[in-house]
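Coordinates as given in upload_24.csv (CSV, C-alpha atoms and all ligand atoms):
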chain,number,residue,atom,x,y,z
L,1,MET,CA,-14.4,-54.3,-38.2
L,2,SER,CA,-15.7,-54.0,-41.8
L,3,GLY,CA,-14.2,-51.0,-43.5
L,4,PRO,CA,-14.2,-49.2,-46.8
L,5,SER,CA,-13.0,-51.4,-49.7
L,6,PRO,CA,-9.4,-50.5,-50.7
L,7,GLY,CA,-8.9,-48.5,-53.9
L,8,ARG,CA,-11.9,-46.3,-53.4
L,9,ASP,CA,-11.4,-42.5,-53.8
L,10,PRO,CA,-11.2,-41.0,-50.3
L,11,ALA,CA,-13.5,-38.1,-51.6
L,12,GLU,CA,-16.3,-40.6,-52.0
L,13,LEU,CA,-16.1,-42.0,-48.5
L,14,SER,CA,-18.3,-41.0,-45.6
L,15,ARG,CA,-16.7,-39.5,-42.5
L,16,GLU,CA,-17.1,-42.8,-40.6
L,17,GLU,CA,-15.5,-44.7,-43.4
L,18,LEU,CA,-12.6,-42.1,-43.5
L,19,VAL,CA,-12.1,-42.6,-39.8
L,20,GLU,CA,-11.9,-46.3,-40.2
L,21,LEU,CA,-9.6,-46.0,-43.2
L,22,GLY,CA,-7.4,-43.5,-41.2
L,23,MET,CA,-7.2,-46.0,-38.3
L,24,ARG,CA,-6.3,-48.8,-40.6
L,25,LEU,CA,-3.7,-46.8,-42.5
L,26,ASP,CA,-2.2,-45.7,-39.2
L,27,GLY,CA,-2.2,-49.2,-37.8
L,28,VAL,CA,-4.7,-48.2,-35.1
L,29,ARG,CA,-6.9,-50.8,-33.5
L,30,VAL,CA,-9.7,-50.0,-31.1
L,31,VAL,CA,-9.7,-52.7,-28.5
L,32,ALA,CA,-12.3,-51.3,-26.2
L,33,HIS,CA,-15.0,-48.6,-26.7
L,34,GLU,CA,-17.6,-47.6,-24.1
L,35,PRO,CA,-19.8,-44.6,-24.8
L,36,ALA,CA,-19.8,-41.8,-22.1
L,37,HIS,CA,-22.4,-42.1,-19.4
L,38,ARG,CA,-23.5,-45.6,-20.4
L,39,SER,CA,-23.5,-46.6,-16.7
L,40,ALA,CA,-24.5,-43.2,-15.1
L,41,GLY,CA,-27.4,-42.6,-17.5
L,42,PRO,CA,-29.1,-39.3,-18.3
L,43,ARG,CA,-28.9,-38.1,-14.7
L,44,GLY,CA,-25.2,-38.6,-14.7
L,45,GLU,CA,-24.9,-36.7,-17.9
L,46,ARG,CA,-26.9,-33.8,-16.5
L,47,ARG,CA,-24.7,-33.8,-13.4
L,48,SER,CA,-21.6,-33.6,-15.6
L,49,ARG,CA,-23.1,-30.9,-17.7
L,50,ARG,CA,-23.9,-28.8,-14.6
L,51,ARG,CA,-20.4,-29.3,-13.2
L,52,VAL,CA,-18.7,-28.3,-16.4
L,53,SER,CA,-21.0,-25.3,-16.8
L,54,VAL,CA,-20.3,-24.1,-13.3
L,55,LEU,CA,-16.5,-24.4,-13.8
L,56,LEU,CA,-16.6,-22.5,-17.1
L,57,ALA,CA,-18.9,-19.8,-15.7
L,58,LEU,CA,-16.5,-19.4,-12.8
L,59,SER,CA,-13.6,-19.0,-15.3
L,60,VAL,CA,-15.5,-16.2,-17.1
L,61,LEU,CA,-16.4,-14.6,-13.8
L,62,PHE,CA,-12.9,-14.6,-12.5
L,63,GLY,CA,-11.6,-13.4,-15.8
L,64,LEU,CA,-14.0,-10.4,-15.8
L,65,LEU,CA,-13.1,-9.7,-12.2
L,66,PHE,CA,-9.4,-9.7,-13.2
L,67,ALA,CA,-10.2,-7.1,-15.9
L,68,VAL,CA,-12.1,-4.9,-13.5
L,69,VAL,CA,-9.3,-5.1,-10.8
L,70,TYR,CA,-6.6,-4.5,-13.5
L,71,VAL,CA,-8.4,-1.3,-14.7
L,72,ALA,CA,-10.1,0.1,-11.6
L,73,TRP,CA,-8.2,-1.0,-8.4
L,74,PRO,CA,-6.0,1.7,-6.9
L,75,ASN,CA,-2.5,0.8,-7.9
L,76,GLY,CA,-0.5,4.1,-7.7
L,77,TYR,CA,2.2,3.9,-5.0
L,78,VAL,CA,0.8,4.8,-1.5
L,79,PRO,CA,3.2,5.2,1.4
L,80,PRO,CA,2.7,2.9,4.4
L,81,SER,CA,1.5,5.8,6.5
L,82,ASP,CA,-1.5,6.3,4.2
L,83,PRO,CA,-4.7,4.5,5.3
L,84,THR,CA,-5.2,3.2,1.7
L,85,HIS,CA,-1.7,1.5,1.7
L,86,GLY,CA,-3.4,-1.9,2.3
L,87,LEU,CA,-5.5,-1.5,-0.9
L,88,TYR,CA,-2.4,-0.7,-2.9
L,89,LEU,CA,-0.6,-3.8,-1.4
L,90,LEU,CA,-3.5,-6.0,-2.5
L,91,TYR,CA,-3.3,-5.0,-6.2
L,92,THR,CA,-0.7,-7.5,-7.4
L,93,PRO,CA,-1.8,-10.5,-5.2
L,94,LEU,CA,-5.4,-9.9,-6.4
L,95,LEU,CA,-4.4,-10.0,-10.0
L,96,GLY,CA,-2.4,-13.1,-9.5
L,97,VAL,CA,-5.2,-14.9,-7.6
L,98,LEU,CA,-7.9,-14.0,-10.1
L,99,PHE,CA,-5.7,-14.9,-13.1
L,100,ALA,CA,-4.9,-18.2,-11.6
L,101,ALA,CA,-8.5,-18.9,-10.6
L,102,SER,CA,-9.8,-18.0,-14.1
L,103,VAL,CA,-7.2,-20.1,-15.9
L,104,GLY,CA,-7.5,-22.9,-13.4
L,105,ALA,CA,-11.3,-23.1,-13.7
L,106,LEU,CA,-11.1,-23.0,-17.5
L,107,GLY,CA,-8.5,-25.9,-17.4
L,108,VAL,CA,-10.4,-28.0,-14.9
L,109,GLY,CA,-13.6,-27.3,-16.8
L,110,MET,CA,-12.1,-28.6,-20.0
L,111,ILE,CA,-10.6,-31.6,-18.4
L,112,THR,CA,-13.9,-32.4,-16.7
L,113,TYR,CA,-15.7,-32.0,-20.0
L,114,VAL,CA,-13.5,-34.4,-21.8
L,115,LYS,CA,-13.5,-36.9,-19.0
L,116,SER,CA,-17.2,-36.8,-18.7
L,117,PHE,CA,-18.3,-36.8,-22.3
L,118,TYR,CA,-15.6,-38.5,-24.3
L,119,PRO,CA,-16.2,-42.2,-24.8
L,120,ASP,CA,-13.9,-44.6,-22.8
L,121,GLU,CA,-11.8,-45.9,-25.6
L,122,VAL,CA,-8.6,-48.0,-25.7
L,123,ALA,CA,-6.7,-48.0,-29.0
L,124,VAL,CA,-3.3,-49.3,-29.9
L,125,GLN,CA,-1.1,-48.1,-32.8
L,126,GLU,CA,2.1,-49.2,-34.4
L,127,ARG,CA,4.4,-46.2,-34.7
L,128,GLU,CA,5.8,-45.3,-38.1
L,129,GLY,CA,8.3,-42.7,-39.2
L,130,GLY,CA,8.2,-40.3,-42.2
L,131,PRO,CA,5.9,-37.4,-43.3
L,132,SER,CA,2.1,-37.7,-43.5
L,133,SER,CA,0.5,-38.4,-46.9
L,134,GLU,CA,-2.5,-36.5,-48.3
L,135,VAL,CA,-4.8,-39.4,-47.4
L,136,ASP,CA,-3.4,-39.3,-43.8
L,137,ARG,CA,-4.1,-35.6,-43.4
L,138,THR,CA,-7.7,-36.0,-44.8
L,139,THR,CA,-8.4,-38.8,-42.5
L,140,ALA,CA,-6.9,-37.0,-39.5
L,141,VAL,CA,-9.3,-34.1,-40.1
L,142,ALA,CA,-12.2,-36.5,-40.3
L,143,THR,CA,-11.1,-38.2,-37.1
L,144,LEU,CA,-11.0,-34.9,-35.3
L,145,ALA,CA,-14.4,-34.0,-36.6
L,146,ASP,CA,-15.7,-37.3,-35.5
L,147,ALA,CA,-14.2,-36.9,-32.1
L,148,ALA,CA,-16.0,-33.5,-31.8
L,149,GLU,CA,-19.2,-35.1,-32.7
L,150,ASP,CA,-18.6,-38.0,-30.2
L,151,VAL,CA,-18.2,-35.5,-27.3
L,152,GLY,CA,-21.3,-33.7,-28.5
L,153,ILE,CA,-19.9,-30.2,-28.3
L,154,GLY,CA,-22.2,-29.1,-31.1
L,155,ARG,CA,-25.2,-30.4,-29.2
L,156,ARG,CA,-24.3,-28.5,-26.0
L,157,PRO,CA,-24.5,-24.9,-26.9
L,158,LEU,CA,-24.3,-23.6,-23.3
L,159,ILE,CA,-21.1,-25.4,-22.6
L,160,ARG,CA,-19.7,-24.5,-26.0
L,161,ARG,CA,-20.4,-20.8,-25.5
L,162,LEU,CA,-19.1,-20.8,-21.9
L,163,GLY,CA,-15.9,-22.6,-23.1
L,164,LEU,CA,-15.5,-20.1,-25.9
L,165,GLY,CA,-16.3,-17.3,-23.4
L,166,GLY,CA,-13.6,-18.6,-21.1
L,167,LEU,CA,-11.1,-18.7,-23.9
L,168,GLY,CA,-12.2,-15.2,-25.0
L,169,VAL,CA,-11.8,-13.8,-21.5
L,170,PHE,CA,-8.4,-15.5,-21.3
L,171,ALA,CA,-7.3,-13.8,-24.5
L,172,LEU,CA,-8.7,-10.5,-23.0
L,173,MET,CA,-6.6,-10.9,-19.9
L,174,GLY,CA,-3.5,-11.4,-22.1
L,175,GLY,CA,-4.4,-8.5,-24.3
L,176,LEU,CA,-5.0,-6.3,-21.3
L,177,MET,CA,-1.7,-7.0,-19.8
L,178,ALA,CA,0.1,-6.4,-23.1
L,179,LEU,CA,-1.7,-3.2,-23.8
L,180,GLY,CA,-2.2,-1.9,-20.2
L,181,GLY,CA,1.3,-0.5,-20.0
L,182,VAL,CA,0.8,1.4,-23.2
L,183,VAL,CA,-2.7,2.7,-22.4
L,184,ARG,CA,-2.0,3.8,-18.8
L,185,ASP,CA,-0.5,7.2,-18.5
L,186,PRO,CA,2.4,7.2,-16.0
L,187,TRP,CA,2.4,11.0,-16.1
L,188,ARG,CA,-1.2,11.3,-14.9
L,189,GLY,CA,-1.3,13.7,-12.0
L,190,GLY,CA,1.1,16.2,-13.5
L,191,ALA,CA,3.9,17.2,-11.1
L,192,ASP,CA,2.5,14.8,-8.5
L,193,ALA,CA,2.6,11.8,-10.8
L,194,PRO,CA,4.3,8.9,-8.9
L,195,LEU,CA,7.2,8.9,-11.4
L,196,TRP,CA,8.1,12.5,-10.5
L,197,ARG,CA,7.9,12.1,-6.7
L,198,THR,CA,10.3,10.4,-4.3
L,199,GLY,CA,10.8,10.7,-0.6
L,200,TRP,CA,13.1,13.6,-1.4
L,201,LYS,CA,10.2,15.9,-2.3
L,202,ALA,CA,9.7,18.6,0.3
L,203,VAL,CA,6.1,18.5,1.7
L,204,GLY,CA,4.6,21.6,3.4
L,205,GLY,CA,8.0,23.4,3.2
L,206,GLU,CA,9.7,21.0,5.6
L,207,THR,CA,13.4,20.6,5.2
L,208,VAL,CA,14.6,17.3,3.9
L,209,TYR,CA,18.0,16.3,5.3
L,210,LEU,CA,20.5,13.9,4.0
L,211,ARG,CA,20.8,11.1,6.5
L,212,ILE,CA,23.2,8.2,6.5
L,213,ALA,CA,21.5,4.9,5.7
L,214,THR,CA,22.4,2.6,8.6
L,215,GLY,CA,19.4,0.3,8.5
L,216,ASN,CA,18.7,1.3,12.1
L,217,PRO,CA,15.8,3.7,12.3
L,218,ASP,CA,16.8,5.0,15.8
L,219,GLU,CA,20.2,6.1,14.5
L,220,ILE,CA,19.8,9.4,12.8
L,221,THR,CA,23.0,10.8,11.5
L,222,ARG,CA,22.8,13.9,9.3
L,223,ILE,CA,25.9,15.1,7.4
L,224,ARG,CA,27.9,18.3,7.3
L,225,PRO,CA,30.7,18.9,4.8
L,226,GLN,CA,33.4,18.3,7.4
L,227,ASP,CA,32.0,14.8,8.1
L,228,MET,CA,33.3,13.5,4.7
L,229,GLU,CA,36.8,13.3,3.4
L,230,PRO,CA,37.4,14.2,-0.3
L,231,GLY,CA,37.0,11.0,-2.4
L,232,ALA,CA,34.5,9.5,0.1
L,233,VAL,CA,31.0,8.2,-0.7
L,234,GLN,CA,28.0,7.7,1.6
L,235,THR,CA,24.6,6.2,1.0
L,236,VAL,CA,22.0,8.6,2.2
L,237,VAL,CA,18.2,8.6,2.5
L,238,PRO,CA,15.7,11.4,3.2
L,239,PHE,CA,15.0,12.6,6.8
L,240,ARG,CA,12.5,15.1,8.2
L,241,GLU,CA,12.5,16.3,11.7
L,242,SER,CA,8.8,15.5,11.9
L,243,GLU,CA,9.7,11.8,11.5
L,244,ARG,CA,12.1,11.7,14.5
L,245,GLY,CA,11.0,9.0,16.9
L,246,ASN,CA,8.5,7.6,14.4
L,247,THR,CA,10.1,4.2,13.7
L,248,GLU,CA,7.6,3.3,11.0
L,249,ALA,CA,8.0,6.5,9.0
L,250,LEU,CA,11.8,6.3,9.3
L,251,LEU,CA,11.9,2.8,8.2
L,252,ALA,CA,9.6,3.5,5.3
L,253,ALA,CA,11.8,6.5,4.2
L,254,GLU,CA,14.9,4.3,4.3
L,255,ASN,CA,13.4,1.3,2.6
L,256,ALA,CA,11.7,3.2,-0.2
L,257,ALA,CA,13.0,1.7,-3.5
L,258,ASP,CA,13.7,5.1,-5.0
L,259,ALA,CA,15.2,6.8,-1.9
L,260,PRO,CA,18.9,5.7,-1.8
L,261,VAL,CA,21.3,8.3,-3.0
L,262,MET,CA,25.1,8.2,-3.4
L,263,LEU,CA,26.6,11.3,-1.8
L,264,ILE,CA,30.1,11.7,-3.2
L,265,ARG,CA,32.7,14.3,-2.2
L,266,LEU,CA,35.1,14.9,-5.1
L,267,HIS,CA,38.7,15.9,-4.5
L,268,PRO,CA,39.2,19.7,-4.6
L,269,GLY,CA,39.8,21.0,-8.1
L,270,THR,CA,38.4,17.9,-9.9
L,271,PRO,CA,37.3,19.0,-13.3
L,272,VAL,CA,33.6,18.2,-13.8
L,273,ARG,CA,31.3,18.4,-16.8
L,274,ASN,CA,27.7,18.7,-15.6
L,275,ARG,CA,24.7,17.8,-17.8
L,276,PRO,CA,23.2,20.8,-19.6
L,277,GLY,CA,20.7,22.5,-17.3
L,278,GLN,CA,22.1,20.7,-14.2
L,279,GLU,CA,25.1,22.9,-13.6
L,280,ASP,CA,23.9,24.0,-10.1
L,281,LEU,CA,22.6,20.7,-8.6
L,282,HIS,CA,25.8,20.0,-6.7
L,283,HIS,CA,27.0,21.8,-3.6
L,284,PRO,CA,30.3,23.6,-4.3
L,285,ASP,CA,32.9,23.5,-1.4
L,286,PRO,CA,36.5,24.6,-1.4
L,287,GLY,CA,37.4,21.3,0.3
L,288,GLY,CA,35.7,19.2,-2.4
L,289,ASP,CA,32.3,19.6,-4.1
L,290,PHE,CA,29.4,17.4,-3.1
L,291,TYR,CA,27.5,15.5,-5.8
L,292,ALA,CA,24.4,13.4,-5.0
L,293,PHE,CA,23.1,10.8,-7.5
L,294,SER,CA,20.4,8.2,-7.3
L,295,ARG,CA,21.8,4.8,-6.4
L,296,VAL,CA,19.2,3.0,-8.5
L,297,CYS,CA,20.8,1.7,-11.7
L,298,THR,CA,19.0,3.1,-14.8
L,299,HIS,CA,19.4,-0.3,-16.5
L,300,LEU,CA,17.2,-2.6,-14.4
L,301,GLY,CA,17.2,-1.0,-11.0
L,302,CYS,CA,19.9,-2.8,-9.0
L,303,PRO,CA,21.8,-0.6,-6.6
L,304,ALA,CA,24.8,0.9,-8.4
L,305,SER,CA,26.6,0.8,-5.1
L,306,LEU,CA,30.3,0.4,-6.0
L,307,TYR,CA,32.4,3.6,-6.3
L,308,ASP,CA,35.8,3.7,-7.7
L,309,ALA,CA,37.2,7.0,-6.3
L,310,GLU,CA,40.3,7.0,-8.5
L,311,ARG,CA,38.3,6.9,-11.8
L,312,ARG,CA,35.3,8.6,-10.3
L,313,ALA,CA,33.1,5.8,-11.6
L,314,ALA,CA,30.0,4.3,-10.0
L,315,LEU,CA,29.5,0.6,-10.9
L,316,CYS,CA,26.5,-1.6,-10.9
L,317,PRO,CA,27.4,-5.1,-10.0
L,318,CYS,CA,24.3,-6.7,-11.7
L,319,HIS,CA,25.3,-6.2,-15.4
L,320,GLN,CA,28.4,-4.1,-15.0
L,321,SER,CA,27.1,-0.7,-16.0
L,322,GLU,CA,29.5,2.1,-15.2
L,323,PHE,CA,28.6,5.7,-14.7
L,324,GLN,CA,31.1,8.5,-15.0
L,325,ILE,CA,30.4,10.7,-12.0
L,326,ASP,CA,32.5,13.7,-13.1
L,327,ASP,CA,30.7,13.7,-16.5
L,328,GLY,CA,27.1,14.0,-15.3
L,329,ALA,CA,27.0,10.3,-14.2
L,330,VAL,CA,26.5,9.3,-17.9
L,331,PRO,CA,26.8,5.6,-18.6
L,332,VAL,CA,30.1,4.8,-20.2
L,333,PHE,CA,30.0,1.0,-20.1
L,334,GLY,CA,27.4,-1.8,-19.8
L,335,PRO,CA,23.7,-1.9,-20.8
L,336,ALA,CA,22.5,1.2,-19.0
L,337,THR,CA,21.5,4.0,-21.5
L,338,ARG,CA,20.6,6.8,-19.1
L,339,PRO,CA,22.6,8.8,-16.6
L,340,LEU,CA,21.9,8.4,-12.9
L,341,PRO,CA,19.5,11.2,-11.9
L,342,GLN,CA,21.1,13.9,-9.8
L,343,LEU,CA,19.6,15.2,-6.6
L,344,PRO,CA,20.0,18.9,-6.0
L,345,VAL,CA,21.7,19.5,-2.7
L,346,THR,CA,22.8,22.5,-0.6
L,347,LEU,CA,23.5,23.5,3.0
L,348,ASP,CA,20.9,24.8,5.5
L,349,GLU,CA,21.7,27.7,7.9
L,350,GLN,CA,23.2,25.2,10.4
L,351,GLY,CA,25.5,23.7,7.8
L,352,TRP,CA,23.6,20.4,7.3
L,353,LEU,CA,23.4,19.0,3.8
L,354,ILE,CA,19.8,19.1,2.6
L,355,ALA,CA,17.9,18.3,-0.6
L,356,ARG,CA,16.9,21.5,-2.4
L,357,ASP,CA,14.2,19.6,-4.3
L,358,ASP,CA,13.3,16.2,-5.7
L,359,PHE,CA,15.2,14.6,-8.6
L,360,PRO,CA,14.6,16.5,-11.9
L,361,GLU,CA,13.8,13.3,-13.7
L,362,PRO,CA,12.3,9.9,-12.8
L,363,VAL,CA,14.5,7.5,-10.9
L,364,GLY,CA,15.2,3.9,-12.0
L,365,PRO,CA,15.2,1.9,-15.2
L,366,ALA,CA,14.7,3.7,-18.4
L,367,PHE,CA,11.5,3.2,-20.3
L,368,TRP,CA,10.1,4.6,-23.5
L,369,GLU,CA,8.9,8.2,-23.4
L,370,ILE,CA,10.8,9.0,-20.2
L,371,ARG,CA,10.9,12.7,-19.5
L,372,SER,CA,12.7,15.2,-17.5
L,373,HIS,CA,11.4,18.3,-15.8
Y,401,LIG,S1,20.8,-3.3,-13.3
Y,401,LIG,FE1,22.6,-2.2,-13.3
Y,401,LIG,S2,23.6,-2.9,-15.0
Y,401,LIG,FE2,21.8,-4.0,-15.1
Show me, as structure tokens, the structure contained in the file I just sent.
Amino acid sequence: MSGPSPGRDPAELSREELVELGMRLDGVRVVAHEPAHRSAGPRGERRSRRRVSVLLALSVLFGLLFAVVYVAWPNGYVPPSDPTHGLYLLYTPLLGVLFAASVGALGVGMITYVKSFYPDEVAVQEREGGPSSEVDRTTAVATLADAAEDVGIGRRPLIRRLGLGGLGVFALMGGLMALGGVVRDPWRGGADAPLWRTGWKAVGGETVYLRIATGNPDEITRIRPQDMEPGAVQTVVPFRESERGNTEALLAAENAADAPVMLIRLHPGTPVRNRPGQEDLHHPDPGGDFYAFSRVCTHLGCPASLYDAERRAALCPCHQSEFQIDDGAVPVFGPATRPLPQLPVTLDEQGWLIARDDFPEPVGPAFWEIRSH
């Protein structure tokens, strides 16, 4: 290979000469070079171009569909009894499939492009250590520019635009996901916003009983004060008489992520400090007051299912958050920063423990701009 004569100023060299100089300086030798499509000819090139264009167009299409689904698909929680529950269930899988299809088509399109249009070249290089010199950097840039010209991306505006479009849509998907949580209003719907509502909300004036969570929908055990000893704790879920015998509704009520509640009976005379404005959410009883708190940890949502009756502390086994039940269930240890929401409870005329209303604040992990009623 004839190359630029040594000692010439790199600024005077053409790009081809710089590429050759760069290879020589790097100890690179091209031992085989075959232009793309030499054997397949123009028809082969057209076929490759079509294949790449279709893949990149698919990437753009799937990316746009992702954006449409992300913004417009119904994604608010819908209970299993609702006919639109299936649509709600499809939301996350659809996003995943479209995202994977878009990124996959973009990746396969790019690989296909390089495989189809880059010359078949075999080069060998001696490896050297140390930082790159100025000349090395200049020649590296020239090599990249030469490679771009070799693959002809400048001469194929459709593929170039589709490739850039695919990358743009990819960036759009990332941006949408990053901004979506900020733009969406979790409080839309006012008092009926999903964050305000759990299965404890009375619908149509029907009484919501506290039912022991047994995992068996056919076993319906409601609770009266005499059923629990002072110091005892029970996990309870909402129950309505209209659901009796309806296995699906009973299972849904028990399995809802925001439903489980810790019902705690304190020892009589236990001094308690309630949170301001929540002084009347418990049920007072001479044999020991009843307090009901969400069992969903306010750190990351694990079940805060351990109760230390002696210290009146609820513990979350995931990251060891501890909530002081006789102090409004405020966190006193661990990463949780918000008290466990308290469910207002009372007795009905027959002496069953019932929910007076839904929680006065959202259940589960804390997030910015969380509010209370
Ligand atoms: S989820 Fe409970 S402490 Fe982390």
- Task: Dump the neighbourhood of ligand LIG 401 (chain Y) as a list in words: all residues within 9 Å, distances computed on only C-alpha atoms and all ligand atoms.
- Result: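 I would give the residues around ligand LIG 401 (chain Y) as Val296, Cys297, Thr298, His299, Leu300, Gly301, Cys302, Pro303, Ala304, Leu315, Cys316, Pro317, Cys318, His319, Gln320, Ser321, Glu322, Gly334, Pro335, Ala336 and Pro365 of chain L.
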- Atom pair atom CA of Glu279 of chain L + atom CA of Phe359 of chain L, distance 13.9 Å
Segment 170-289 of chain L residues near segment 47-61 of chain L within 12 Å, closest pair each, using only C-alpha atoms, as a tab-separated table:
residue	atom	partner	partner_atom	distance
L:Phe170	CA	L:Val60	CA	8.3
L:Ala171	CA	L:Val60	CA	11.3
L:Leu172	CA	L:Val60	CA	10.7
L:Met173	CA	L:Val60	CA	10.7
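Using all atoms listed in the file, the nearest neighbour of Glu229 of chain L within the list L:Leu18, L:Ala257, L:Leu266, L:Leu210 is L:Leu266.
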- Item | Coordinates-based distance that separates atom CA of Asp326 of chain L from atom CA of Gly364 of chain L (Å, one decimal) | 19.9 Å
- Query: Near segment 130-147 of chain L, counting only C-alpha atoms, which residues have an atom at most 8 Å away, once you skip same-chain residues fewer than 4 positions from it, shown as a list in words?
  - Reply: Pro10, Arg15, Glu16, Leu18, Val19, Leu21, Gly22, Leu25, Asp26 and Val151 of chain L
- Query: How many Å lie between atom CA of Ala148 of chain L and atom CA of Arg24 of chain L, rounded to one decimal?
  - Reply: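 These atoms are spaced 20.1 Å apart.
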- If you count all atoms listed in the file, the residue of L:Ala253, L:Val69, L:Arg46, L:Tyr118 closest to Pro93 of chain L turns out to be L:Val69
